[in-house]
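Shown here: final27.cif, mmCIF, C-alpha atoms.
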```
data_my_file
#
loop_
_atom_site.label_atom_id
_atom_site.label_comp_id
_atom_site.auth_asym_id
_atom_site.auth_seq_id
_atom_site.Cartn_x
_atom_site.Cartn_y
_atom_site.Cartn_z
CA MET A 428 12.60 -15.82 11.81
CA GLU A 429 12.08 -12.86 9.46
CA PRO A 430 10.45 -13.57 6.06
CA TYR A 431 13.33 -11.94 4.17
CA LYS A 432 17.04 -12.26 3.45
CA ILE A 433 19.37 -9.32 4.13
CA PHE A 434 21.93 -8.15 1.58
CA ASP A 435 24.34 -5.39 2.64
CA PHE A 436 26.27 -3.81 -0.23
CA PRO A 437 29.66 -2.07 0.10
CA ASP A 438 28.71 1.11 -1.75
CA GLU A 439 25.98 2.91 -3.67
CA ALA A 440 27.00 1.55 -7.09
CA ALA A 441 26.72 -2.08 -5.93
CA TRP A 442 23.45 -1.33 -4.14
CA LEU A 443 21.94 0.28 -7.27
CA LYS A 444 22.97 -2.75 -9.31
CA GLY A 445 21.37 -5.04 -6.73
CA ARG A 446 18.09 -3.13 -7.00
CA MET A 447 17.81 -4.16 -10.67
CA ASN A 448 17.41 -7.86 -9.75
CA GLY A 449 13.72 -7.81 -8.91
CA ILE A 450 10.72 -5.63 -8.14
CA GLY A 451 11.41 -2.77 -5.75
CA GLY A 452 9.07 -0.35 -4.03
CA SER A 453 9.23 2.32 -6.71
CA ASP A 454 8.56 -0.35 -9.39
CA ALA A 455 5.39 -1.62 -7.75
CA SER A 456 3.19 1.35 -8.67
CA ALA A 457 4.05 0.93 -12.38
CA ILE A 458 2.80 -2.66 -12.26
CA VAL A 459 -0.70 -1.54 -11.27
CA GLY A 460 -0.81 1.56 -13.51
CA MET A 461 -0.34 4.06 -10.69
CA ASN A 462 3.09 5.45 -11.56
CA PRO A 463 2.80 8.86 -13.27
CA TYR A 464 6.27 8.51 -14.84
CA LYS A 465 6.44 4.87 -15.98
CA SER A 466 3.99 2.33 -17.46
CA ASN A 467 3.95 -1.39 -16.74
CA ILE A 468 5.30 -1.93 -20.29
CA ASP A 469 8.22 0.42 -19.62
CA LEU A 470 8.99 -1.53 -16.44
CA PHE A 471 8.67 -4.89 -18.23
CA GLU A 472 11.17 -3.79 -20.88
CA GLU A 473 13.59 -2.64 -18.18
CA LYS A 474 13.36 -5.96 -16.35
CA ILE A 475 14.03 -8.06 -19.47
CA GLY A 476 16.95 -5.80 -20.45
CA ARG A 477 15.34 -4.22 -23.51
CA ARG A 478 15.28 -0.71 -22.06
CA ILE A 479 17.78 1.10 -19.85
CA PRO A 480 16.07 2.90 -16.96
CA GLU A 481 16.31 6.67 -17.17
CA ASP A 482 19.06 8.05 -14.92
CA ILE A 483 17.39 10.72 -12.78
CA SER A 484 20.16 10.94 -10.16
CA ASP A 485 21.26 14.42 -11.31
CA LYS A 486 17.80 16.01 -11.06
CA PRO A 487 17.68 18.71 -8.35
CA CYS A 488 14.59 17.22 -6.67
CA VAL A 489 16.25 13.78 -6.51
CA ILE A 490 19.48 15.21 -5.08
CA TYR A 491 17.48 17.21 -2.51
CA GLY A 492 15.50 14.14 -1.44
CA LYS A 493 18.63 12.03 -1.11
CA LEU A 494 20.55 14.59 0.97
CA ALA A 495 17.52 15.50 3.10
CA GLU A 496 16.72 11.91 4.10
CA ALA A 497 19.25 11.58 6.94
CA PRO A 498 18.40 14.87 8.72
CA ILE A 499 14.66 14.18 8.32
CA ARG A 500 15.18 10.76 9.91
CA GLU A 501 16.93 12.48 12.84
CA LEU A 502 14.03 14.95 13.15
CA PHE A 503 11.61 12.02 13.21
CA LYS A 504 13.56 10.50 16.12
CA LEU A 505 13.24 13.80 18.01
CA ASP A 506 9.53 14.21 17.23
CA TYR A 507 8.61 10.56 17.96
CA PRO A 508 10.99 9.35 20.69
CA GLU A 509 8.65 6.43 21.42
CA TYR A 510 9.96 4.64 18.31
CA GLN A 511 13.31 2.92 18.01
CA VAL A 512 14.69 3.82 14.57
CA GLU A 513 17.27 1.81 12.63
CA HIS A 514 18.73 2.51 9.21
CA HIS A 515 21.18 0.58 7.03
CA GLU A 516 22.50 2.66 4.15
CA PHE A 517 23.09 0.14 1.35
CA ARG A 518 20.80 -2.71 2.44
CA ILE A 519 18.29 -4.65 0.35
CA LEU A 520 15.74 -6.98 1.90
CA GLN A 521 14.63 -9.87 -0.33
CA SER A 522 11.44 -11.83 0.28
CA ILE A 523 12.15 -15.51 0.91
CA GLN A 524 8.75 -16.69 -0.34
CA TYR A 525 8.77 -14.37 -3.37
CA PRO A 526 12.48 -13.81 -4.19
CA PHE A 527 11.69 -11.35 -7.02
CA MET A 528 10.30 -8.90 -4.43
CA GLN A 529 12.77 -6.69 -2.59
CA ALA A 530 12.87 -3.52 -0.50
CA SER A 531 15.26 -0.71 0.41
CA LEU A 532 13.90 1.07 3.46
CA ASP A 533 14.42 4.63 4.70
CA GLY A 534 14.11 3.32 8.23
CA GLU A 535 12.92 0.39 10.35
CA LEU A 536 10.83 1.12 13.42
CA THR A 537 10.05 -0.66 16.66
CA ASP A 538 7.09 0.73 18.61
CA PRO A 539 6.64 0.64 22.43
CA ASP A 540 4.81 -2.72 22.10
CA GLY A 541 7.76 -4.28 20.25
CA ARG A 542 5.98 -4.29 16.87
CA ARG A 543 8.14 -3.78 13.79
CA GLY A 544 7.33 -1.08 11.24
CA ILE A 545 8.60 0.88 8.26
CA LEU A 546 9.63 4.54 8.10
CA GLU A 547 9.21 6.06 4.64
CA ILE A 548 10.45 9.60 3.95
CA LYS A 549 9.20 11.77 1.08
CA THR A 550 10.21 15.28 0.04
CA THR A 551 8.29 17.03 -2.69
CA ASN A 552 7.98 20.50 -4.18
CA ILE A 553 4.38 21.72 -4.30
CA LEU A 554 4.19 23.85 -7.43
CA GLN A 555 0.41 24.11 -7.73
CA SER A 556 -2.66 23.52 -5.60
CA MET A 557 -3.52 20.30 -7.46
CA GLN A 558 -0.32 18.72 -6.15
CA ARG A 559 -1.21 19.72 -2.60
CA GLU A 560 -4.64 18.10 -3.03
CA LYS A 561 -2.94 14.72 -3.59
CA TRP A 562 -1.57 14.90 -0.05
CA ASN A 563 -4.83 15.96 1.64
CA ASP A 564 -5.73 13.31 4.23
CA ARG A 565 -4.13 10.57 2.11
CA ILE A 566 -0.90 9.40 0.52
CA PRO A 567 -0.61 9.78 -3.28
CA ASP A 568 -1.41 6.45 -4.97
CA ASN A 569 2.12 5.70 -6.20
CA TYR A 570 3.59 6.14 -2.70
CA TYR A 571 0.77 4.14 -1.12
CA ILE A 572 1.55 1.20 -3.42
CA GLN A 573 5.25 1.57 -2.59
CA VAL A 574 4.70 1.17 1.15
CA LEU A 575 2.29 -1.72 0.60
CA HIS A 576 5.09 -3.44 -1.31
CA TYR A 577 7.41 -2.91 1.66
CA LEU A 578 4.83 -4.46 3.99
CA LEU A 579 4.66 -7.50 1.69
CA VAL A 580 8.44 -7.96 1.69
CA THR A 581 9.04 -7.40 5.39
CA GLY A 582 5.91 -8.80 7.02
CA TYR A 583 5.99 -5.77 9.34
CA GLU A 584 2.89 -4.47 11.11
CA PHE A 585 2.74 -0.77 10.25
CA VAL A 586 4.12 2.14 8.21
CA VAL A 587 4.82 5.74 9.17
CA LEU A 588 5.28 7.98 6.13
CA ARG A 589 6.77 11.40 6.87
CA ALA A 590 6.32 13.89 4.03
CA HIS A 591 8.03 17.26 3.75
CA LEU A 592 6.00 19.38 1.32
CA ASN A 593 8.03 22.36 0.16
CA THR A 594 6.52 25.52 -1.33
CA ASP A 595 8.13 28.70 -2.64
CA TRP A 596 5.41 31.27 -3.28
CA GLY A 597 6.14 34.97 -3.47
CA GLY A 598 9.75 34.36 -2.53
CA GLU A 599 8.78 32.75 0.78
CA LYS A 600 9.92 29.18 1.35
CA ARG A 601 7.76 27.01 3.57
CA THR A 602 7.86 23.36 4.55
CA THR A 603 4.78 21.52 5.75
CA GLU A 604 5.41 18.24 7.56
CA LYS A 605 2.73 15.58 7.37
CA HIS A 606 2.61 12.13 8.95
CA TYR A 607 0.56 9.22 7.67
CA PHE A 608 0.09 6.04 9.70
CA ILE A 609 -0.89 2.75 8.06
CA GLU A 610 -1.74 -0.44 9.97
CA ARG A 611 -1.20 -3.70 8.13
CA SER A 612 -4.44 -5.09 9.57
CA GLU A 613 -6.42 -2.30 7.87
CA VAL A 614 -5.02 -2.79 4.34
CA LYS A 615 -5.15 -6.57 3.95
CA GLU A 616 -7.31 -6.49 0.80
CA ASP A 617 -4.96 -4.02 -0.89
CA LEU A 618 -1.95 -6.14 0.11
CA ASN A 619 -3.56 -9.25 -1.40
CA MET A 620 -4.37 -7.35 -4.61
CA LEU A 621 -0.81 -6.05 -4.97
CA LEU A 622 0.71 -9.46 -4.31
CA ARG A 623 -1.46 -11.02 -7.04
CA GLU A 624 -0.53 -8.28 -9.53
CA GLU A 625 3.20 -8.51 -8.78
CA GLN A 626 3.15 -12.30 -9.20
CA LYS A 627 1.32 -11.94 -12.52
CA PHE A 628 3.77 -9.29 -13.73
CA TRP A 629 6.82 -11.36 -12.81
CA LYS A 630 5.47 -14.34 -14.78
CA TYR A 631 5.48 -12.06 -17.85
CA VAL A 632 9.10 -11.08 -17.11
CA VAL A 633 10.21 -14.70 -16.71
CA SER A 634 8.43 -15.79 -19.92
CA GLY A 635 9.48 -12.69 -21.89
CA ARG A 636 5.86 -12.16 -22.99
CA LYS A 637 4.73 -8.54 -22.88
CA PRO A 638 1.88 -7.85 -20.43
CA PRO A 639 -1.22 -5.92 -21.52
CA LEU A 640 -0.78 -2.18 -21.03
CA ILE A 641 -2.40 -0.74 -17.90
CA LEU A 642 -3.16 2.94 -18.40
CA PRO A 643 -2.95 5.13 -15.31
CA GLU A 644 -6.12 6.91 -14.25
CA ILE A 645 -6.08 10.63 -15.05
#
```
When written as C-alpha cells, how does the structure in this file appear?
Amino acid sequence: MEPYKIFDFPDEAAWLKGRMNGIGGSDASAIVGMNPYKSNIDLFEEKIGRRIPEDISDKPCVIYGKLAEAPIRELFKLDYPEYQVEHHEFRILQSIQYPFMQASLDGELTDPDGRRGILEIKTTNILQSMQREKWNDRIPDNYYIQVLHYLLVTGYEFVVLRAHLNTDWGGEKRTTEKHYFIERSEVKEDLNMLLREEQKFWKYVVSGRKPPLILPEI
C-alpha cells in the first residue's frame, strides 16, 4: 500500500485551490530558508490566511515552463526508454502519516527493476554566469529541497531531475539539457532534517504562533 492518498481534481482552478491545503514542494524550501523569493514568515502568513500568495501565473518564464513541461516529458521518454513514465495532470498526493504534506509531480517513473521514482522538470533562463554556476554538478538548493519533499510524501526510491537551461547571448538561442539523479538511500540525513523542519513549521501554523525568521544564505 502506498503511503499517500490520491486526489484527482477536475480542472486547474480546483487543483490550485487544493494545493493551498498544506505544504507543497515549492513551499518546502521557504521553510528551511532556501527559497530566494519567499521567507518562512511569508509562507507562514500565507498558510494562516494573513497574506495572499503572489500570482505569478502571467510571468513569461512561468508560462514557458508550464507549456514546455509536456513536450519535455515526451523527450525524456525518448531519451530514457528504460523508464516507464506516468503523468496525471491535476493530481495531488497527500501523505497519510503527515497529512499536511502533499505533492504534485511532473511525472512518476518505474525503472527496469520495478522501483518507483519521481520525474521533476525545470526550465530556466540563464542570464548571467552566476546562474549557470548554480547548476554545475548540483541542483540549486531550492529545487533540491523540493524533490526531497516529494520523496518524503511518496516514499519513492529515486528522483530524476531534467533541467533545460536556456541562454540567449548575441542573438543566439541555446538550450543545455542536464540530468541529475538522486537515490533516496544517499540522502537519508537530509530527508530526516527536512521532515523535522516541516513538522516544526506546521506546528506554528496550527497554533498561529509566528516562527522565528530564517534568513537565506547569500
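Taking atom CA of A:Glu599 as the reference point, atom CA of A:Asn552 is found at 13.2 Å.
One finds atom CA of A:Trp442 at 24.9 Å from atom CA of A:Phe503.
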Problem set entry | Selection near stretch 537-551 of chain A, 6 Å with only C-alpha atoms, sequence-local residues under 4 positions removed, as a list in words | Gly492, Tyr510, Gln511, Asp533, Tyr583, Glu584, Phe585, Val586, Val587, Leu588, Arg589, Ala590, His591 and Leu592 of chain A
Problem set entry | Given the PyMOL selection byres ((chain A and resi 602) around 6), the residues it picks as a count of residues only | 4
Seminar exercise, completed: Students should find that atom CA of A:Leu618 and atom CA of A:Leu575 are spaced 6.1 Å
Exercise. A:Trp562: which residues within 9 Å, counting all atoms listed in the file, same-chain residues fewer than 3 positions away excluded, as a PyMOL selection string?
Worked result: chain A and resi 558-559+565-567+590+592+605
Exercise. So which one's closest to A:Gly582, A:Met428, A:Val512, A:Ile458, A:Ala497? Using only C-alpha atoms, please.
Worked result: A:Met428
Problem set entry | Selected residue of minimal separation from A:Ser634 among A:Ala530, A:Ala441, A:Ile450, A:Ile475, counting only C-alpha atoms | A:Ile475
Exercise. Using only C-alpha atoms, which residue out of A:Tyr577, A:Gln626, A:Leu505, A:Ser556 lies closest to A:Glu535?
Worked result: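 Closest to A:Glu535, using only C-alpha atoms: A:Tyr577.
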Exercise. For A:Lys504, which of A:Ile483, A:Leu536, A:Val489, A:Ile468 is the closest residue, counting only C-alpha atoms?
Worked result: A:Leu536
For this session: Using only C-alpha atoms, determine which residues lie at most 12 Å from A:Gly445, disregarding the query and same-chain residues fewer than 6 positions distant; provide the list as a list in words.
Result: Ile433, Phe434, Asp435, Phe436, Pro437, Asp438, Glu439, Gly451, Phe517, Arg518, Ile519, Leu520, Gln521, Phe527, Met528, Gln529, Ala530 and Ser531 of chain A
For this session: Compute the distance from (13.2, -0.7, -22.0) to each atom, counting only C-alpha atoms, keep the residues with any atom at most 12 Å away, and return them as JSON, numbers by chain; use the coordinates of the file.
Result: {"A": [465, 466, 467, 468, 469, 470, 471, 472, 473, 474, 475, 476, 477, 478, 479, 480, 481, 637]}
Problem set entry | Result set, the PyMOL selection byres ((chain A and resi 459) around 12) on current file, as a PyMOL selection string | chain A and resi 453-458+460-463+465-468+470+568-569+571-573+576+617+620-628+638-644
Exercise. From the list A:Gln555, A:Thr581, A:Ser484, A:Asn563, which residue is nearest A:Ile523 when using all atoms listed in the file?
Worked result: A:Thr581
For this session: Return the single residue from A:Lys493, A:Lys486, A:Lys561, A:Arg611 that is closest to A:Leu579, with distances computed using only C-alpha atoms.
Result: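 Closest residue, counting only C-alpha atoms: A:Arg611.
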